[in-house]
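> Got a structure for you, questions after.
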Amino acid sequence: MSHDGVGLRAAMRSVAFLTAGALAVPLIAGCGSDDEASTPLAGQDIAPAARAQVADGGTLRWAVDDVPETLNTFQADADTGTTRVAQAVLPSMFRLDAKGRPVRNPDYLESAKVVETEPRQVVLYRLNQQAVWSDGREIGAADFAAQWRALSGKDSAYWTARNAGYDRIAKIERGTNDLEVRVTFSRPYADWKSLFSPLYPKDVMGTPDAFNDGARRKLKVTAGPFKVKNVDTAKKDVVLTRNPRWWGHPAKLSEIVLHAVPRDKRAAALADGKVDLADVDAAEAQRIDLATRAKGTGTPLMGPGRTSAKKLRESVTTYLRRQQGLRDFEVRKSLEPAYTQLALNGAEGPLADERVRRAVARAIDRTELAKAVLGPLGLPAAPVGSHLALAGEAGYTDSSGVLGGQDTAAAQALLADAGWVLGGPVKEEKKADKAAGPEHKKGDESQGGDDGAYIVGEDNKDVRDHQDHTGSDGGDKHLAQDGRQHTGKQGGAQGAYAPKGTAAPAGAAAGALAKNGKALILRFVIPSGPGSEALRTVADRISQMLRKVGIRTDVTKVPDDSFFKDHVASGQYDLALYSWPSTPFPATDARPIYAKPVAAADGSLNVEQNYTRVGTDQVDQLFDQAAATLDDDEARDLIREADSRIWAAAASIPLYQRPQLVGARKALANAGAFGFQTPIYEDMGFLKKGAKASGGKASASASATASASATKE
């Protein structure tokens, strides 16, 4: 996973601790009920339409961030583009429904179930007898076995990014006929439904050379409603065409073209007819909404500085032309299966003390942040209550009560107990060493004067004048995206910045906290590229909340390409904001994120993806037990207990579910803001003349029904 919100499995392939006694074990059972998981906070918004209402033919041009570096989802540099291609052209034994639950894909599976548990777990797959690869060969046990061998981790010649689950398989063999595949596990594995989705042909998985290089830019053999026609790096296109050997519902579209478009150019690309579908940020979504209003196309927002009359006329003309083009589009919105969190680095410095981490958590008003981010978009504004599931997913329970809500007095008491004294003496230090946390390099900060780093809470240095070009009502619109999302203009939420010298907010601490002659200043790292305005605004709100309890923050903007590698992953930060995708398989997928770091043979610390560097043996054991039980109820209970203990550790504070905003051509059906559900590529298309979608936003139950119909369940 990463800060840019990439799909969980692709992202997870890219790259002093609490004791049991400190966890208040009687409170670890979690709070809430199964009812919380009944419905996602926001349903799909895909303009659902029956297949009979969708025209045959046409090309869907779909914006992606980049042309994928590889078409092999099991390699470290796989991205969301890789995932989209795989979903459209390869088999998946299971895919996700509108509530994020894995459901059998009938195009490939007649059935799949555990048929034996003793002496070993055996899963029997019965394949759809029509399922064939594009070269005419039946999908079968040889493909399953080749993928297992490639991903088992036993052969280092395969450059795999992960082998979770496949390393538990003992053998794969043909069943009583060619349509049966028997998978025998060496030890029980609860998340067996996560395997073989996608499934690659043995041509790709059969040899290290084919795995490592053969599927990077082409897939000769596929088995989905589409196939890969070509990858054109010059045009920045991946072209998918109908698969003539597809046995399921025929694809409505003739082609899908995945076209690379920078995040801050998406609205222009839509208006110019270069794409029909694109994830957009809040500012560009607002621009699309403005264009579709009954009166006019709006006025272009001009930045400061001198502009010649000619350039001004050209700019206005281009803007108005594009606004006219955007009238054919609409914004479809939901919530992503991902959440934004505040990460606290507990490896060293003040945050190595559990009491200080808990104080930071108690100082933050998560409800206020969720409302500020999601409220202006008209999306449900509720803070995320679990690290391991989102509302609507199986097993979701709000366990945040283990840590407690916002409480300034409680936060101050925790800091006092940890020895941090208000107004205590502070030794003179070099500016580069002000932060109480890990040292940081000054050379990689963003250019542009003091914009790279500033301290919130330090007299006359914590606030700066920011010119807002968004208009009087646009302050909170930036908050709607983070990480990978890009806004096209500067500005922050009203109240996030104040002129230099402005008095501290009511209730703010009169001075900074200090201990042993060192001020409590936490280094807050955020990316500086397009879209960083949102993260910066959220960071400033958090900084002001921390200031009220006497904690100062050194907010540092760093280049996007070094944010994770040089800061988060390497531990050069105290506080950071980034997003984790959700997963229906937390026992497998979330374990590396919260696993207790282990010292390697060379003395280094192996943190896997636990960038907060805080973990416990108890949490590891709970994940292991959940992965090994075949009782769903028991597994959910174990996951909930693990989540409660993660909350108690106070190293990762979930804030809000990420908004999903998609600019879509109005005539495009069955595509848009998918929410939890896997897209159904064969149903996407343009409405017939005079036809109408059944409704812009699908409820969880309605979209689940549509999914079942579309997949012939």
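Residue numbering restarts at 1 for every chain of the structure tokens, chains are lettered A, B, ... in their displayed order, and ligands are numbered from 1 as they appear.
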Write out, as a Markdown table, each residue of region 87-152 of chain A that has an atom at most 12 Å from region 208-217 of chain A, together with the closest pair of atoms and their distance in Å to one decimal, counting only C-alpha atoms, rows going by chain and rising number.

```
| residue | atom | partner | partner_atom | distance |
| --- | --- | --- | --- | --- |
| A:Ala146 | CA | A:Phe211 | CA | 10.4 |
| A:Gln147 | CA | A:Phe211 | CA | 9.7 |
| A:Arg149 | CA | A:Pro208 | CA | 10.3 |
| A:Ala150 | CA | A:Pro208 | CA | 7.6 |
| A:Leu151 | CA | A:Phe211 | CA | 10.1 |
```
> Produce a file of the selected residues containing all heavy atoms, as a compact mmCIF listing (two decimals), in the first residue's frame.

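See part_32.txt below for the written result:
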```txt
# COMPACT_ATOMS: atom_id res chain seq x y z
N ALA A 146 1.34 -23.75 -12.14
CA ALA A 146 2.42 -22.86 -12.57
C ALA A 146 2.43 -21.58 -11.74
O ALA A 146 3.49 -21.09 -11.34
CB ALA A 146 2.26 -22.54 -14.06
N GLN A 147 1.24 -21.05 -11.47
CA GLN A 147 1.17 -19.82 -10.66
C GLN A 147 1.63 -20.10 -9.24
O GLN A 147 2.33 -19.28 -8.63
CB GLN A 147 -0.24 -19.25 -10.68
CG GLN A 147 -0.39 -17.94 -9.93
CD GLN A 147 -1.47 -17.05 -10.51
OE1 GLN A 147 -1.55 -16.86 -11.72
NE2 GLN A 147 -2.30 -16.49 -9.66
N ARG A 149 3.82 -22.38 -8.19
CA ARG A 149 5.28 -22.54 -8.17
C ARG A 149 5.99 -21.20 -8.30
O ARG A 149 7.01 -20.95 -7.65
CB ARG A 149 5.72 -23.50 -9.28
CG ARG A 149 5.23 -24.94 -9.08
CD ARG A 149 5.88 -25.89 -10.07
NE ARG A 149 5.31 -27.23 -9.98
CZ ARG A 149 4.38 -27.71 -10.80
NH1 ARG A 149 3.91 -26.95 -11.79
NH2 ARG A 149 3.92 -28.94 -10.65
N ALA A 150 5.45 -20.32 -9.15
CA ALA A 150 6.09 -19.02 -9.36
C ALA A 150 6.00 -18.14 -8.11
O ALA A 150 6.94 -17.39 -7.81
CB ALA A 150 5.45 -18.31 -10.54
N LEU A 151 4.89 -18.24 -7.38
CA LEU A 151 4.64 -17.33 -6.26
C LEU A 151 4.87 -17.96 -4.89
O LEU A 151 4.65 -17.32 -3.87
CB LEU A 151 3.20 -16.82 -6.34
CG LEU A 151 2.82 -16.09 -7.64
CD1 LEU A 151 1.34 -15.69 -7.60
CD2 LEU A 151 3.69 -14.87 -7.86
```
> Near Ala667 (chain A), counting only C-alpha atoms, which residues have an atom at most 12 Å away, once you skip same-chain residues fewer than 2 positions from it, shown as a PyMOL selection string?
chain A and resi 46-49+53-55+58+60+276-277+327-330+663-665+669-672+684-693+696
> I need the residue nearest Leu415 (chain A) from this list: A:Pro188, A:Pro201, A:Gly206, A:Gly550. Use only C-alpha atoms for the distance.
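Counting only C-alpha atoms, the residue closest to Leu415 (chain A) is A:Gly550.
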> Pick out the closest residue to Gly423 (chain A) from this set: A:Pro597, A:Ala569, A:Gly175, A:Lys518. Count only C-alpha atoms.
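Looking at the shortest contact to Gly423 (chain A), the residue is A:Lys518.
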> Give me, as a compact mmCIF listing (two decimals) with N, CA and C atoms, in the first residue's frame, the residues of region 518-683 of chain A that a backbone DSSP run labels strand (DSSP E).

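This is the output file selection-v3.txt:
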```txt
# COMPACT_ATOMS: atom_id res chain seq x y z
N LYS A 518 14.78 20.15 25.82
CA LYS A 518 14.44 20.04 24.40
C LYS A 518 12.95 20.26 24.21
N ALA A 519 12.61 21.14 23.27
CA ALA A 519 11.20 21.43 23.00
C ALA A 519 10.54 20.25 22.30
N ILE A 521 8.83 19.27 19.50
CA ILE A 521 8.53 19.66 18.12
C ILE A 521 8.55 18.37 17.28
N LEU A 522 7.46 18.08 16.62
CA LEU A 522 7.36 16.88 15.81
C LEU A 522 7.46 17.23 14.34
N ARG A 523 8.29 16.51 13.62
CA ARG A 523 8.45 16.77 12.20
C ARG A 523 7.30 16.12 11.43
N PHE A 524 6.53 16.95 10.75
CA PHE A 524 5.34 16.54 10.01
C PHE A 524 5.68 16.61 8.51
N VAL A 525 5.79 15.45 7.87
CA VAL A 525 6.23 15.38 6.48
C VAL A 525 5.03 15.15 5.56
N ILE A 526 4.92 15.96 4.50
CA ILE A 526 3.87 15.79 3.50
C ILE A 526 4.49 15.97 2.12
N PRO A 527 3.92 15.34 1.09
CA PRO A 527 4.45 15.50 -0.27
C PRO A 527 4.15 16.89 -0.82
N ARG A 552 4.34 21.42 19.21
CA ARG A 552 4.62 22.16 17.99
C ARG A 552 4.97 21.18 16.87
N THR A 553 4.71 21.58 15.65
CA THR A 553 5.01 20.72 14.50
C THR A 553 5.86 21.47 13.49
N ASP A 554 6.87 20.81 12.99
CA ASP A 554 7.73 21.31 11.92
C ASP A 554 7.22 20.70 10.63
N VAL A 555 6.36 21.43 9.91
CA VAL A 555 5.73 20.90 8.70
C VAL A 555 6.70 21.05 7.53
N THR A 556 7.06 19.93 6.92
CA THR A 556 8.05 19.91 5.85
C THR A 556 7.47 19.29 4.60
N LYS A 557 7.52 20.04 3.50
CA LYS A 557 7.07 19.52 2.21
C LYS A 557 8.27 18.93 1.47
N VAL A 558 8.10 17.71 0.99
CA VAL A 558 9.19 17.03 0.29
C VAL A 558 8.68 16.56 -1.07
N LEU A 575 5.49 12.60 12.05
CA LEU A 575 4.09 12.49 11.63
C LEU A 575 4.03 12.50 10.12
N ALA A 576 3.10 11.75 9.54
CA ALA A 576 2.91 11.73 8.09
C ALA A 576 1.47 11.36 7.79
N LEU A 577 0.98 11.85 6.67
CA LEU A 577 -0.36 11.53 6.19
C LEU A 577 -0.25 10.73 4.90
N TYR A 578 -0.87 9.57 4.87
CA TYR A 578 -0.97 8.80 3.64
C TYR A 578 -2.14 7.83 3.77
N SER A 579 -2.48 7.17 2.68
CA SER A 579 -3.69 6.34 2.65
C SER A 579 -3.36 4.87 2.55
N TRP A 580 -4.17 4.05 3.21
CA TRP A 580 -4.11 2.60 3.08
C TRP A 580 -5.40 2.10 2.41
N PRO A 581 -5.29 1.31 1.37
CA PRO A 581 -6.51 0.66 0.84
C PRO A 581 -7.04 -0.38 1.82
N VAL A 598 11.37 -6.71 13.18
CA VAL A 598 12.31 -7.73 13.64
C VAL A 598 13.71 -7.36 13.19
N ALA A 599 14.67 -7.52 14.07
CA ALA A 599 16.06 -7.22 13.73
C ALA A 599 16.58 -8.25 12.74
N LEU A 605 16.69 -3.16 10.85
CA LEU A 605 15.36 -3.50 11.33
C LEU A 605 14.45 -3.79 10.15
N ASN A 606 13.91 -4.99 10.11
CA ASN A 606 12.97 -5.37 9.05
C ASN A 606 11.57 -4.96 9.48
N SER A 652 -1.06 4.48 14.52
CA SER A 652 -1.75 4.74 13.26
C SER A 652 -3.17 5.18 13.60
N ILE A 653 -3.52 6.40 13.19
CA ILE A 653 -4.82 6.95 13.53
C ILE A 653 -5.65 7.12 12.26
N PRO A 654 -6.59 6.21 11.96
CA PRO A 654 -7.45 6.37 10.79
C PRO A 654 -8.28 7.65 10.92
N LEU A 655 -8.38 8.41 9.84
CA LEU A 655 -9.09 9.68 9.88
C LEU A 655 -10.42 9.61 9.15
N TYR A 656 -10.40 9.39 7.83
CA TYR A 656 -11.63 9.41 7.05
C TYR A 656 -11.45 8.55 5.80
N GLN A 657 -12.57 8.03 5.32
CA GLN A 657 -12.55 7.26 4.08
C GLN A 657 -12.36 8.23 2.92
N ARG A 658 -11.53 7.87 1.99
CA ARG A 658 -11.20 8.76 0.89
C ARG A 658 -12.38 8.94 -0.06
N PRO A 659 -12.61 10.18 -0.50
CA PRO A 659 -13.66 10.40 -1.50
C PRO A 659 -13.25 9.87 -2.86
N GLN A 660 -14.21 9.42 -3.63
CA GLN A 660 -13.96 8.93 -4.99
C GLN A 660 -14.79 9.79 -5.93
N LEU A 661 -14.13 10.64 -6.70
CA LEU A 661 -14.77 11.56 -7.63
C LEU A 661 -14.35 11.19 -9.04
N VAL A 662 -15.33 10.98 -9.91
CA VAL A 662 -15.05 10.53 -11.27
C VAL A 662 -15.81 11.40 -12.26
N GLY A 663 -15.09 12.02 -13.17
CA GLY A 663 -15.73 12.73 -14.26
C GLY A 663 -16.09 11.73 -15.35
N ALA A 664 -17.37 11.67 -15.74
CA ALA A 664 -17.84 10.67 -16.69
C ALA A 664 -18.75 11.30 -17.73
N ARG A 665 -18.59 10.85 -18.97
CA ARG A 665 -19.52 11.29 -20.01
C ARG A 665 -20.92 10.83 -19.62
N LEU A 668 -22.32 7.51 -20.74
CA LEU A 668 -21.60 6.29 -20.38
C LEU A 668 -22.31 5.58 -19.23
N ALA A 669 -22.60 4.31 -19.41
CA ALA A 669 -23.32 3.53 -18.40
C ALA A 669 -22.42 2.48 -17.76
```
> With only C-alpha atoms as the counted atoms, please give the residues lying no more than 9 Å from region 101-109 of chain A, apart from itself and same-chain residues fewer than 5 positions off, as a ChimeraX atom specification.
/A:91-96,125-131,139,193-194,247-248,393-394,584,676-677,711-713
> Just the number, please: distance in Å from CA of Arg322 (chain A) to CA of Ala534 (chain A), one decimal.
24.7 Å
> I need the residue nearest Glu348 (chain A) from this list: A:Gly571, A:Pro225, A:Gly57, A:Gly43. Use only C-alpha atoms for the distance.
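Closest candidate: A:Gly571.
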> Could you list, with a cut-off of 12 Å and counting only C-alpha atoms, the residues of region 357-405 of chain A near region 281-285 of chain A, each shown with its nearest atom pair and the distance in Å rounded to one decimal, rows sorted by chain and ascending number, as CSV?

```
residue,atom,partner,partner_atom,distance
A:Val373,CA,A:Ala282,CA,10.0
A:Leu374,CA,A:Ala282,CA,10.2
A:Gly375,CA,A:Ala282,CA,11.9
A:Pro376,CA,A:Ala282,CA,9.4
A:Leu377,CA,A:Ala282,CA,7.9
A:Gly378,CA,A:Ala282,CA,11.6
```
> Counting only C-alpha atoms, which residues in region 161-251 of chain A sit no more than 8 Å from region 628-649 of chain A? For each one, give the nearest pair of atoms and the distance in Å, sorted by chain then residue number, as a Markdown table.

```
| residue | atom | partner | partner_atom | distance |
| --- | --- | --- | --- | --- |
| A:Arg187 | CA | A:Ala628 | CA | 7.4 |
| A:Pro188 | CA | A:Ala628 | CA | 4.9 |
| A:Tyr189 | CA | A:Ala628 | CA | 5.0 |
| A:Ala190 | CA | A:Leu630 | CA | 5.1 |
```
> Region 535-699 of chain A: which residues are alpha helix (DSSP H) by DSSP, as a PyMOL selection string?
chain A and resi 535-547+560-562+586-589+591-594+617-628+632-649
> Taking into account only C-alpha atoms, which residue in the set A:Arg168, A:Lys666, A:Leu326, A:Pro559 is nearest to Arg120 (chain A)?
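Answer, going by the shortest atom-to-atom distance: A:Arg168.
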> Rounded to one decimal, what separation in Å do you get between CA of Arg332 (chain A) and CA of Asp45 (chain A)?
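Separating CA of Arg332 (chain A) from CA of Asp45 (chain A) is a distance of 5.4 Å.
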> Which is closest to Asn163 (chain A) among A:Thr83, A:Ser694, A:Ser570, A:Gln75, if we use only C-alpha atoms?
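Comparing A:Thr83, A:Ser694, A:Ser570, A:Gln75 against Asn163 (chain A), the winner is A:Gln75.
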> Could you tell me which of A:Asp65, A:Asp620, A:Glu110, A:Glu368 comes closest to Asp237 (chain A) if we count only C-alpha atoms?
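Of A:Asp65, A:Asp620, A:Glu110, A:Glu368, the one nearest Asp237 (chain A), counting only C-alpha atoms, is A:Asp65.
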> What gap, in Å, lies between CA of Gly404 (chain A) and CA of Val356 (chain A)?
14.2 Å
> Mind checking which residues fall within 9 Å of Val123 (chain A), counting only C-alpha atoms, ignoring those fewer than 2 positions away in the same chain, and posting them as a compact mmCIF listing (two decimals) with N, CA and C atoms, in the first residue's frame?

```txt
# COMPACT_ATOMS: atom_id res chain seq x y z
N ALA A 112 -16.45 -23.61 -5.79
CA ALA A 112 -15.15 -23.67 -5.12
C ALA A 112 -15.43 -23.76 -3.63
N LYS A 113 -14.94 -24.80 -2.99
CA LYS A 113 -15.22 -24.96 -1.57
C LYS A 113 -14.18 -25.85 -0.91
N VAL A 114 -14.11 -25.71 0.41
CA VAL A 114 -13.23 -26.57 1.20
C VAL A 114 -13.91 -27.93 1.33
N VAL A 115 -13.26 -28.96 0.83
CA VAL A 115 -13.85 -30.30 0.86
C VAL A 115 -13.21 -31.20 1.92
N GLU A 116 -12.05 -30.81 2.42
CA GLU A 116 -11.39 -31.58 3.48
C GLU A 116 -10.67 -30.60 4.41
N GLN A 121 -6.13 -29.13 4.81
CA GLN A 121 -7.18 -28.40 4.11
C GLN A 121 -7.05 -28.62 2.60
N TYR A 125 -11.77 -26.79 -6.78
CA TYR A 125 -12.31 -25.84 -7.77
C TYR A 125 -12.92 -26.62 -8.92
N VAL A 181 -9.82 -28.90 -10.10
CA VAL A 181 -8.48 -28.60 -9.60
C VAL A 181 -8.50 -28.76 -8.09
N ARG A 182 -7.63 -29.63 -7.56
CA ARG A 182 -7.52 -29.85 -6.12
C ARG A 182 -6.29 -29.13 -5.59
N VAL A 183 -6.51 -28.24 -4.63
CA VAL A 183 -5.42 -27.49 -4.01
C VAL A 183 -5.31 -27.94 -2.55
N THR A 184 -4.18 -28.55 -2.20
CA THR A 184 -3.94 -29.03 -0.85
C THR A 184 -2.98 -28.08 -0.14
N PHE A 185 -3.36 -27.65 1.06
CA PHE A 185 -2.55 -26.70 1.82
C PHE A 185 -1.71 -27.42 2.87
N TRP A 192 -8.15 -18.32 1.50
CA TRP A 192 -7.88 -19.04 0.26
C TRP A 192 -8.61 -18.42 -0.94
```
